[in-house]
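**Student:** For reference, this is model32.cif, and it has mmCIF, C-alpha atoms and all ligand atoms.
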data_upload
#
loop_
_atom_site.label_atom_id
_atom_site.label_comp_id
_atom_site.auth_asym_id
_atom_site.auth_seq_id
_atom_site.Cartn_x
_atom_site.Cartn_y
_atom_site.Cartn_z
CA MET A 145 97.28 118.46 111.89
CA PHE A 146 93.88 117.11 112.85
CA ASP A 147 92.73 115.25 115.93
CA PHE A 148 90.50 112.24 115.39
CA LYS A 149 89.31 109.36 117.53
CA LEU A 150 90.73 105.95 116.71
CA THR A 151 88.39 103.22 115.61
CA PRO A 152 87.67 101.10 118.74
CA SER A 153 88.92 97.76 117.42
CA LEU A 154 92.33 99.12 116.64
CA GLN A 155 92.39 101.30 119.73
CA GLU A 156 92.19 98.17 121.85
CA THR A 157 95.31 96.65 120.32
CA GLN A 158 97.21 99.86 119.92
CA GLN A 159 100.68 100.25 121.42
CA GLU A 160 100.69 103.99 121.17
CA THR A 161 104.00 105.79 121.39
CA GLU A 162 104.68 109.36 122.32
CA LYS A 163 105.49 110.22 118.76
CA THR A 164 102.13 109.06 117.38
CA ARG A 165 99.74 110.04 120.18
CA GLY A 166 96.89 112.11 118.80
CA ARG A 167 98.74 112.75 115.60
CA VAL A 168 97.07 112.44 112.25
CA TYR A 169 99.42 112.68 109.31
CA ASP A 170 98.29 114.10 106.02
CA LEU A 171 99.73 111.07 104.30
CA ILE A 172 101.12 107.66 105.15
CA VAL A 173 103.11 105.93 102.45
CA LEU A 174 103.27 102.16 102.79
CA GLY A 175 106.52 100.95 101.26
CA GLY A 176 110.09 102.19 101.00
CA GLY A 177 110.96 101.25 97.42
CA PRO A 178 111.20 103.58 94.42
CA ALA A 179 107.43 104.16 94.23
CA GLY A 180 106.97 104.90 97.94
CA LEU A 181 110.05 107.07 98.26
CA THR A 182 109.29 109.05 95.11
CA ALA A 183 105.77 109.62 96.42
CA ALA A 184 107.35 110.84 99.66
CA ILE A 185 109.71 113.19 97.81
CA TYR A 186 106.82 114.77 95.93
CA ALA A 187 104.54 114.90 98.97
CA GLY A 188 107.22 116.27 101.29
CA ARG A 189 108.18 118.91 98.77
CA ALA A 190 104.51 119.94 98.53
CA ARG A 191 104.51 120.34 102.34
CA VAL A 192 102.24 117.36 102.86
CA ASP A 193 102.95 115.99 106.36
CA THR A 194 104.21 112.54 105.37
CA LEU A 195 105.13 109.35 107.19
CA VAL A 196 106.77 106.52 105.26
CA LEU A 197 106.46 103.03 106.73
CA ALA A 198 109.26 101.42 104.80
CA GLY A 199 109.13 97.87 106.18
CA SER A 200 111.93 96.12 108.01
CA LEU A 201 113.99 95.62 104.83
CA PRO A 202 113.50 98.89 102.96
CA GLY A 203 114.51 99.69 99.42
CA GLY A 204 112.20 97.40 97.51
CA GLN A 205 113.60 95.27 94.72
CA PRO A 206 116.41 97.68 93.69
CA ALA A 207 117.95 97.09 97.11
CA ASN A 208 118.64 93.56 95.83
CA THR A 209 119.75 94.62 92.39
CA ASP A 210 123.39 94.82 91.41
CA VAL A 211 123.22 97.67 88.91
CA VAL A 212 120.24 99.66 87.73
CA ASP A 213 121.28 100.43 84.19
CA ASN A 214 118.24 102.14 82.79
CA PHE A 215 117.28 104.81 85.30
CA PRO A 216 117.58 108.10 83.43
CA GLY A 217 120.31 110.47 84.54
CA PHE A 218 122.84 107.80 85.42
CA PRO A 219 124.57 106.97 82.13
CA GLU A 220 127.03 104.60 83.78
CA GLY A 221 124.30 102.85 85.79
CA LEU A 222 124.08 102.92 89.56
CA GLU A 223 124.08 100.23 92.24
CA GLY A 224 120.49 99.49 93.28
CA PRO A 225 121.03 100.06 97.03
CA GLU A 226 122.77 103.36 96.30
CA LEU A 227 119.89 104.54 94.10
CA VAL A 228 117.41 103.79 96.87
CA ARG A 229 119.63 105.47 99.47
CA ARG A 230 119.52 108.60 97.34
CA PHE A 231 115.73 108.44 97.05
CA GLN A 232 115.57 108.15 100.81
CA SER A 233 117.84 111.06 101.63
CA GLN A 234 115.93 113.20 99.13
CA ALA A 235 112.64 112.34 100.87
CA GLU A 236 114.20 113.18 104.24
CA ARG A 237 115.48 116.49 102.90
CA PHE A 238 111.84 117.42 102.25
CA GLY A 239 110.86 116.63 105.82
CA CYS A 240 109.38 113.14 105.47
CA GLN A 241 109.52 110.85 108.48
CA ILE A 242 110.73 107.38 107.52
CA GLU A 243 110.20 104.46 109.89
CA LEU A 244 111.53 100.94 109.30
CA GLU A 245 108.31 99.28 110.42
CA GLU A 246 106.27 96.48 108.92
CA VAL A 247 102.55 97.17 108.50
CA VAL A 248 100.40 94.42 110.00
CA GLU A 249 96.89 95.84 109.68
CA VAL A 250 95.06 98.63 107.92
CA ASP A 251 91.61 100.12 108.28
CA PHE A 252 90.46 101.97 105.19
CA PHE A 253 86.78 101.77 106.18
CA SER A 254 86.86 104.66 108.64
CA ARG A 255 88.47 108.05 108.41
CA PRO A 256 91.11 109.05 109.13
CA PHE A 257 92.67 105.86 107.84
CA THR A 258 94.45 103.70 110.40
CA VAL A 259 97.65 101.77 109.85
CA ARG A 260 99.09 99.51 112.51
CA THR A 261 102.63 98.18 112.76
CA HIS A 262 104.18 95.96 115.44
CA ARG A 263 105.34 99.11 117.20
CA ALA A 264 102.57 101.67 116.87
CA THR A 265 99.27 102.73 115.38
CA TYR A 266 99.28 105.59 112.93
CA GLN A 267 96.55 107.63 111.30
CA ALA A 268 96.38 109.71 108.15
CA LEU A 269 93.94 111.48 105.90
CA ALA A 270 95.39 109.77 102.83
CA VAL A 271 97.41 106.63 102.14
CA ILE A 272 99.61 105.59 99.25
CA VAL A 273 100.09 101.84 99.02
CA ALA A 274 103.48 101.07 97.48
CA THR A 275 104.24 97.72 99.06
CA GLY A 276 105.66 96.20 95.87
CA ALA A 277 105.83 92.57 94.90
CA SER A 278 107.88 89.65 96.14
CA PRO A 279 109.67 86.88 94.28
CA ARG A 280 107.66 83.74 93.55
CA ARG A 281 108.87 80.31 94.69
CA LEU A 282 108.83 77.07 92.70
CA GLY A 283 107.17 74.99 95.42
CA VAL A 284 109.35 71.93 94.83
CA PRO A 285 110.96 69.65 97.43
CA GLY A 286 114.27 70.94 98.74
CA GLU A 287 113.53 74.57 97.87
CA ASP A 288 112.53 75.66 101.36
CA LYS A 289 115.03 73.37 103.06
CA PHE A 290 117.93 74.95 101.21
CA PHE A 291 116.63 78.51 101.03
CA GLY A 292 119.50 80.68 102.24
CA ARG A 293 121.85 77.68 102.06
CA GLY A 294 122.17 77.25 98.32
CA VAL A 295 118.79 78.39 97.08
CA SER A 296 118.42 82.14 96.64
CA ALA A 297 116.28 84.79 95.01
CA CYS A 298 119.04 87.39 95.14
CA ALA A 299 122.14 87.02 92.99
CA THR A 300 123.40 90.37 94.21
CA CYS A 301 123.33 89.15 97.79
CA ASP A 302 124.61 85.61 97.27
CA GLY A 303 126.45 85.50 93.94
CA PHE A 304 129.77 86.16 95.64
CA PHE A 305 129.61 82.76 97.35
CA TYR A 306 129.71 80.93 94.03
CA ARG A 307 133.14 81.88 92.80
CA ASP A 308 134.31 79.20 90.32
CA LYS A 309 131.22 77.10 91.04
CA ARG A 310 128.27 75.97 88.95
CA VAL A 311 124.89 77.55 89.48
CA ALA A 312 121.41 77.22 88.02
CA VAL A 313 119.07 80.10 87.32
CA VAL A 314 115.42 79.16 86.99
CA GLY A 315 113.19 81.29 84.75
CA GLY A 316 113.28 82.88 81.34
CA GLY A 317 112.30 86.51 81.97
CA ASP A 318 114.43 89.64 82.30
CA SER A 319 115.28 88.96 85.92
CA ALA A 320 116.52 85.43 85.23
CA VAL A 321 118.68 86.45 82.29
CA ILE A 322 120.04 89.63 83.87
CA GLU A 323 120.96 87.78 87.04
CA ALA A 324 122.45 84.88 85.06
CA LEU A 325 124.68 87.42 83.33
CA PHE A 326 125.60 88.91 86.69
CA LEU A 327 126.42 85.48 88.11
CA THR A 328 128.95 84.86 85.32
CA ARG A 329 131.20 87.30 87.18
CA PHE A 330 131.63 84.66 89.86
CA ALA A 331 130.51 81.25 88.68
CA ARG A 332 132.36 79.13 86.17
CA GLU A 333 129.08 77.99 84.60
CA VAL A 334 125.53 79.25 84.75
CA VAL A 335 122.71 77.01 83.56
CA ILE A 336 119.45 78.79 82.82
CA ILE A 337 116.63 76.32 83.33
CA HIS A 338 113.59 77.42 81.38
CA ARG A 339 110.29 75.65 80.93
CA ARG A 340 109.80 76.68 77.30
CA ASP A 341 111.88 76.73 74.12
CA GLU A 342 112.24 80.50 73.98
CA LEU A 343 113.09 83.13 76.55
CA ARG A 344 110.70 85.84 77.61
CA ALA A 345 113.55 88.25 78.38
CA THR A 346 114.20 91.42 76.36
CA GLN A 347 116.16 90.80 73.15
CA ILE A 348 119.27 92.67 74.24
CA TYR A 349 119.63 90.52 77.36
CA GLN A 350 119.04 87.36 75.35
CA GLU A 351 121.78 88.34 72.93
CA GLN A 352 124.18 89.00 75.80
CA ALA A 353 123.34 85.66 77.39
CA PHE A 354 123.71 83.67 74.16
CA ALA A 355 127.05 85.38 73.53
CA ASN A 356 128.36 84.55 76.98
CA PRO A 357 130.41 81.32 76.97
CA LYS A 358 129.68 80.70 80.64
CA ILE A 359 125.90 80.50 80.08
CA ARG A 360 123.96 77.56 78.69
CA VAL A 361 120.22 77.09 78.59
CA ALA A 362 118.36 73.92 79.49
CA TRP A 363 115.28 74.37 77.32
CA ASP A 364 111.83 72.91 77.97
CA THR A 365 112.97 71.97 81.42
CA VAL A 366 111.42 72.29 84.86
CA VAL A 367 112.93 71.72 88.27
CA GLU A 368 111.33 68.83 90.16
CA GLU A 369 113.56 68.87 93.23
CA VAL A 370 116.51 70.65 94.74
CA LEU A 371 119.01 68.03 95.82
CA GLY A 372 121.65 68.02 98.54
CA ASP A 373 122.70 66.97 101.98
CA GLN A 374 124.01 69.89 104.04
CA THR A 375 124.18 72.15 100.99
CA VAL A 376 122.83 72.02 97.45
CA SER A 377 124.45 69.47 95.17
CA GLY A 378 122.14 69.69 92.17
CA VAL A 379 118.65 69.87 90.76
CA ARG A 380 116.50 67.07 89.51
CA VAL A 381 114.87 68.30 86.30
CA ARG A 382 112.30 67.03 83.82
CA ASN A 383 112.12 67.76 80.13
CA VAL A 384 108.50 68.75 79.58
CA LYS A 385 108.50 67.54 75.97
CA THR A 386 110.16 64.13 76.41
CA GLY A 387 109.42 63.50 80.07
CA GLU A 388 113.07 62.59 80.53
CA MET A 389 114.47 63.13 84.03
CA GLU A 390 118.01 64.31 84.60
CA THR A 391 120.20 65.61 87.41
CA ILE A 392 122.12 68.81 86.81
CA GLU A 393 124.95 69.19 89.29
CA VAL A 394 125.09 72.70 90.70
CA ASP A 395 126.19 74.33 93.95
CA GLY A 396 123.52 76.99 93.96
CA VAL A 397 120.05 77.64 92.57
CA PHE A 398 118.75 81.13 91.86
CA ILE A 399 115.01 81.38 91.35
CA TYR A 400 113.55 84.11 89.15
CA VAL A 401 110.09 82.94 88.14
CA GLY A 402 108.14 86.16 88.58
CA MET A 403 106.56 88.12 91.35
CA ASP A 404 103.58 88.17 93.70
CA PRO A 405 102.13 91.55 94.68
CA LYS A 406 102.15 92.24 98.42
CA THR A 407 98.46 92.86 98.89
CA GLU A 408 97.21 90.34 101.49
CA LEU A 409 96.62 93.15 104.00
CA PHE A 410 94.29 94.97 101.65
CA ALA A 411 92.01 92.12 100.58
CA GLY A 412 88.41 93.02 101.32
CA GLN A 413 89.23 96.72 101.51
CA LEU A 414 90.81 97.53 98.15
CA ASP A 415 89.75 96.07 94.81
CA LEU A 416 92.32 93.52 93.61
CA ASP A 417 92.54 91.94 90.18
CA GLU A 418 92.61 88.19 89.53
CA TRP A 419 96.38 88.06 90.16
CA GLY A 420 96.10 90.02 93.41
CA TYR A 421 97.34 93.37 92.08
CA ILE A 422 95.61 96.50 93.34
CA VAL A 423 93.23 97.95 90.77
CA SER A 424 94.02 101.61 90.25
CA ASP A 425 93.19 104.13 87.54
CA HIS A 426 95.51 106.37 85.54
CA ARG A 427 95.56 108.79 88.48
CA GLN A 428 96.65 105.99 90.82
CA ARG A 429 93.30 106.08 92.64
CA THR A 430 91.93 102.89 94.16
CA ASN A 431 88.28 102.16 94.87
CA VAL A 432 88.65 103.96 98.22
CA PRO A 433 88.87 107.73 97.83
CA GLY A 434 91.99 108.94 99.59
CA VAL A 435 93.83 105.62 99.13
CA PHE A 436 96.18 105.50 96.17
CA ALA A 437 98.46 102.78 94.85
CA ALA A 438 101.84 103.07 93.14
CA GLY A 439 104.61 100.85 91.85
CA ASP A 440 104.69 97.10 91.37
CA VAL A 441 101.79 96.47 93.76
CA GLN A 442 99.49 97.73 90.98
CA ASP A 443 101.67 97.00 87.97
CA PRO A 444 101.90 93.44 86.66
CA LEU A 445 103.32 94.62 83.35
CA TYR A 446 106.19 97.11 83.42
CA ARG A 447 107.76 96.79 86.90
CA GLN A 448 110.55 99.23 86.18
CA VAL A 449 112.16 101.54 88.69
CA VAL A 450 111.41 104.53 86.52
CA VAL A 451 107.77 103.49 86.09
CA ALA A 452 107.36 102.83 89.81
CA ALA A 453 108.87 106.23 90.57
CA GLY A 454 106.54 107.84 88.04
CA THR A 455 103.43 106.30 89.53
CA GLY A 456 104.65 107.35 92.99
CA ALA A 457 104.90 110.93 91.80
CA VAL A 458 101.41 110.81 90.29
CA ALA A 459 99.97 109.33 93.48
CA ALA A 460 101.54 112.07 95.60
CA MET A 461 100.20 114.81 93.36
CA GLU A 462 96.76 113.21 93.55
CA VAL A 463 97.05 113.13 97.34
CA GLU A 464 97.77 116.84 97.32
CA LYS A 465 94.66 117.40 95.25
CA PHE A 466 92.61 115.10 97.45
CA LEU A 467 93.67 116.86 100.64
CA GLY A 468 92.83 120.22 99.09
CA GLU A 469 89.42 119.07 97.96
CA TYR A 470 88.55 117.12 101.09
CA PRO A 471 89.75 119.12 104.04
CA LYS A 472 89.12 118.08 107.62
CA SER A 473 85.49 119.13 107.70
CA ARG A 474 84.65 116.74 104.89
CA ILE A 475 86.97 113.84 105.66
CA ASP A 476 84.60 112.17 108.11
CA LYS A 477 81.69 111.90 105.76
CA ASP A 478 81.33 109.22 103.15
CA VAL A 479 83.34 110.37 100.17
CA SER A 480 82.73 107.27 98.11
CA THR A 481 81.70 109.44 95.19
CA ALA A 482 84.93 111.42 95.31
CA CYS A 483 86.31 109.90 92.11
CA CYS A 484 83.27 110.99 90.14
CA GLU A 485 83.00 114.41 91.73
CA THR A 486 86.61 115.28 90.97
CA GLU A 487 86.89 113.72 87.51
CA LEU A 488 88.68 116.12 85.18
P1 LIG B 1 108.55 87.44 84.33
O1 LIG B 1 108.84 88.35 83.19
O2 LIG B 1 107.14 87.20 84.71
O3 LIG B 1 109.28 86.06 84.00
C1 LIG B 1 109.12 84.96 84.84
C2 LIG B 1 109.78 83.79 84.16
O4 LIG B 1 109.66 82.67 85.03
C3 LIG B 1 109.12 83.42 82.84
O5 LIG B 1 110.11 83.05 81.92
C4 LIG B 1 108.25 82.23 83.20
O6 LIG B 1 108.12 81.29 82.19
C5 LIG B 1 109.03 81.60 84.34
N1 LIG B 1 108.17 80.93 85.30
C6 LIG B 1 107.07 81.40 85.96
N2 LIG B 1 106.59 80.49 86.82
C7 LIG B 1 107.39 79.41 86.71
C8 LIG B 1 107.42 78.14 87.33
N3 LIG B 1 106.53 77.81 88.27
N4 LIG B 1 108.38 77.27 86.97
C9 LIG B 1 109.30 77.60 86.04
N5 LIG B 1 109.34 78.78 85.42
C10 LIG B 1 108.40 79.67 85.74
O7 LIG B 1 109.26 87.93 85.68
P2 LIG B 1 110.61 88.75 85.90
O8 LIG B 1 111.72 88.22 85.10
O9 LIG B 1 110.73 88.81 87.36
O10 LIG B 1 110.27 90.18 85.34
C11 LIG B 1 109.13 90.85 85.81
C12 LIG B 1 108.99 92.18 85.10
O11 LIG B 1 110.07 93.04 85.46
C13 LIG B 1 109.04 92.06 83.59
O12 LIG B 1 108.13 92.97 83.04
C14 LIG B 1 110.45 92.44 83.25
O13 LIG B 1 110.58 92.99 81.97
C15 LIG B 1 110.77 93.46 84.32
N6 LIG B 1 112.21 93.50 84.62
C16 LIG B 1 112.98 94.43 83.96
C17 LIG B 1 114.33 94.55 84.26
C18 LIG B 1 115.18 95.58 83.59
O14 LIG B 1 116.20 95.98 84.09
N7 LIG B 1 114.82 96.06 82.43
C19 LIG B 1 114.90 93.70 85.21
C20 LIG B 1 114.10 92.74 85.81
C21 LIG B 1 112.75 92.66 85.53
P3 LIG B 1 107.29 81.63 80.83
O15 LIG B 1 108.18 82.52 80.03
O16 LIG B 1 107.07 80.30 80.24
O17 LIG B 1 106.03 82.30 81.28
#
Have the structure of the file written as structure tokens, please.
Ligand code: NAP

**Tutor:**
Amino acid sequence: MFDFKLTPSLQETQQETEKTRGRVYDLIVLGGGPAGLTAAIYAGRARVDTLVLAGSLPGGQPANTDVVDNFPGFPEGLEGPELVRRFQSQAERFGCQIELEEVVEVDFFSRPFTVRTHRATYQALAVIVATGASPRRLGVPGEDKFFGRGVSACATCDGFFYRDKRVAVVGGGDSAVIEALFLTRFAREVVIIHRRDELRATQIYQEQAFANPKIRVAWDTVVEEVLGDQTVSGVRVRNVKTGEMETIEVDGVFIYVGMDPKTELFAGQLDLDEWGYIVSDHRQRTNVPGVFAAGDVQDPLYRQVVVAAGTGAVAAMEVEKFLGEYPKSRIDKDVSTACCETEL
């Protein structure tokens, strides 16, 4: 454990607690989903002194997923929250400290790196950013008004309330189709509202959806407004080819139109791509030596639990290497050439 001075700007606002005073972790992992927790498992097991700041609602997207069917080793599938709980207890078994705190500010300009939450200020020699991505909204009238009261982005959480009712699912990707299938357990009819004339979802899910008598698809259709008084009564939709407007009566609307990476905190410090994802290389390194990224926050393409976990493992192994190559005596100096120096 090393003792460093805090950067003055953060020191001023710091609400230091006993547990953090003077302590510099080897590694802080930002995020408590599959990527962050897998990184923690690998780091903890390698005896890297690791703090995980898991956010106030930990677990990432699997925590809102009914069944994760394609994580190897679980042939029958496993409930998303249970999978994450297992990741977490495994990380704890290897000595990682997990705090349910939301990060509000980071400083990757000075070393050790500083991470501030509402409760405390933490420091570490290395950081893995695994903050994930959050569901996108439609931005139509009624959506915000009814969010949590008929509009949802989580079928696992809210599907139960729609027993024998009609619901709409907006989107045509894997999430939309998988969750539409899930909702057929409760609802009497599920209308997938998709803006094009073909789904983006994987073939196997499409086949399941087309074979399910409870599911119909409103093709070439976009939602213009979520309708209702106290609760949702329907959606006003427009056919993008004919311009025709129509009202589809539903009791609930589930929105699955993609994700936005959670990277606002890192703008100006880490390189982001045009969609806001962190730019990282095949070793999960960002433009700042010692800061790594893993999971959906740097992955606009695959976004699978197993992929997120894999990148978390890679990031942790790279942290181990980084800490070995840049011990305390070198951490303070500018290591902006670290990537090049250590290239294999
Ligand atoms: P996605 O693949 O990006 O699909 C988003 C869908 O929403 C697309 O069909 C898109 O239409 C539509 N859309 C986007 N913006 C819209 C708007 N403003 N209005 C109406 N529709 C809009 O997102 P996703 O379904 O969340 O999946 C993300 C990634 O996770 C994908 O790589 C997916 O394969 C993966 N995933 C995998 C699983 C699994 O278990 N295997 C489960 C969930 C997700 P267009 O098609 O016209 O672009």

**Student:** Output as a Markdown table one row per residue of chain A within 8 Å of ligand LIG 1 (chain B): the closest atom pair and its distance in Å to one decimal place, counting only C-alpha atoms and all ligand atoms, sorted by chain and residue number ascending.

**Tutor:**
| residue | atom | partner | partner_atom | distance |
| --- | --- | --- | --- | --- |
| A:Val212 | CA | B:LIG1 | O14 | 6.6 |
| A:Asp213 | CA | B:LIG1 | O14 | 6.8 |
| A:Asn214 | CA | B:LIG1 | O14 | 6.6 |
| A:Pro279 | CA | B:LIG1 | O9 | 7.3 |
| A:Arg280 | CA | B:LIG1 | N2 | 7.5 |
| A:Arg281 | CA | B:LIG1 | N3 | 7.3 |
| A:Leu282 | CA | B:LIG1 | N3 | 5.0 |
| A:Gly283 | CA | B:LIG1 | N3 | 7.7 |
| A:Val314 | CA | B:LIG1 | N5 | 6.3 |
| A:Gly315 | CA | B:LIG1 | O4 | 3.8 |
| A:Gly316 | CA | B:LIG1 | O5 | 3.2 |
| A:Gly317 | CA | B:LIG1 | O8 | 3.6 |
| A:Asp318 | CA | B:LIG1 | O8 | 4.1 |
| A:Ser319 | CA | B:LIG1 | O8 | 3.7 |
| A:Ala320 | CA | B:LIG1 | O8 | 5.6 |
| A:Val321 | CA | B:LIG1 | O8 | 7.7 |
| A:Ile322 | CA | B:LIG1 | C19 | 6.7 |
| A:Ile337 | CA | B:LIG1 | C9 | 7.9 |
| A:His338 | CA | B:LIG1 | N5 | 6.0 |
| A:Arg339 | CA | B:LIG1 | N5 | 5.6 |
| A:Arg340 | CA | B:LIG1 | O16 | 5.4 |
| A:Glu342 | CA | B:LIG1 | O15 | 7.6 |
| A:Leu343 | CA | B:LIG1 | O15 | 6.0 |
| A:Arg344 | CA | B:LIG1 | O15 | 4.8 |
| A:Ala345 | CA | B:LIG1 | O13 | 6.6 |
| A:Thr346 | CA | B:LIG1 | O13 | 6.9 |
| A:Val366 | CA | B:LIG1 | C9 | 5.8 |
| A:Val367 | CA | B:LIG1 | C9 | 7.3 |
| A:Tyr400 | CA | B:LIG1 | O9 | 5.8 |
| A:Val401 | CA | B:LIG1 | O4 | 3.2 |
| A:Gly402 | CA | B:LIG1 | O7 | 3.6 |
| A:Met403 | CA | B:LIG1 | O9 | 5.8 |
| A:Pro444 | CA | B:LIG1 | O12 | 7.2 |
| A:Leu445 | CA | B:LIG1 | O12 | 5.1 |
| A:Tyr446 | CA | B:LIG1 | O12 | 4.6 |
| A:Arg447 | CA | B:LIG1 | O11 | 4.6 |
| A:Gln448 | CA | B:LIG1 | C16 | 5.8 |

**Student:** Using all atoms listed in the file for the distances, tell me which of A:Val334, A:Ala264, A:Cys240, A:Val248 is nearest to A:Asp170.

**Tutor:**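 Of all the options, A:Cys240 lies closest to A:Asp170.
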
**Student:** Hey, which of A:Phe218, A:Leu195, A:Val228, A:Lys289 ends up closest to A:Val259? Count only C-alpha atoms.

**Tutor:** A:Leu195

**Student:** Taking (108.9, 98.4, 101.6) in the file's own coordinates, collect the residues within 9 Å, counting all atoms listed in the file, and hand them back as a list in words.

**Tutor:**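 Final list of nearby residues, as requested, is Leu174, Gly175, Gly176, Gly177, Gly180, Leu197, Ala198, Gly199, Ser200, Leu201, Pro202, Gly203, Gly204, Gln205, Leu244, Glu245, Glu246, Ala274, Thr275 and Gly276 of chain A.
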
**Student:** Could you list as a compact mmCIF listing (two decimals) with C-alpha atoms, in the coordinates of the input every residue that has an atom within 9 Å of (113.1, 116.1, 101.3), using the file's coordinates and counting all atoms listed in the file?

**Tutor:**
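Listed below is the output, point-v2.txt:
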# COMPACT_ATOMS: atom_id res chain seq x y z
CA ALA A 184 107.35 110.84 99.66
CA ILE A 185 109.71 113.19 97.81
CA TYR A 186 106.82 114.77 95.93
CA ALA A 187 104.54 114.90 98.97
CA GLY A 188 107.22 116.27 101.29
CA ARG A 189 108.18 118.91 98.77
CA GLN A 232 115.57 108.15 100.81
CA SER A 233 117.84 111.06 101.63
CA GLN A 234 115.93 113.20 99.13
CA ALA A 235 112.64 112.34 100.87
CA GLU A 236 114.20 113.18 104.24
CA ARG A 237 115.48 116.49 102.90
CA PHE A 238 111.84 117.42 102.25
CA GLY A 239 110.86 116.63 105.82
CA CYS A 240 109.38 113.14 105.47

**Student:** Using only C-alpha atoms, which residues sit within 8 Å of A:Arg427 once same-chain residues fewer than 6 positions away are excluded, as an NGL selection string?

**Tutor:** :A and (458-459 or 462)

**Student:** Pick the closest to A:Leu181 from A:Ala353, A:Leu467, A:Ala453, A:Ala324: which is it, counting only C-alpha atoms?

**Tutor:** A:Ala453
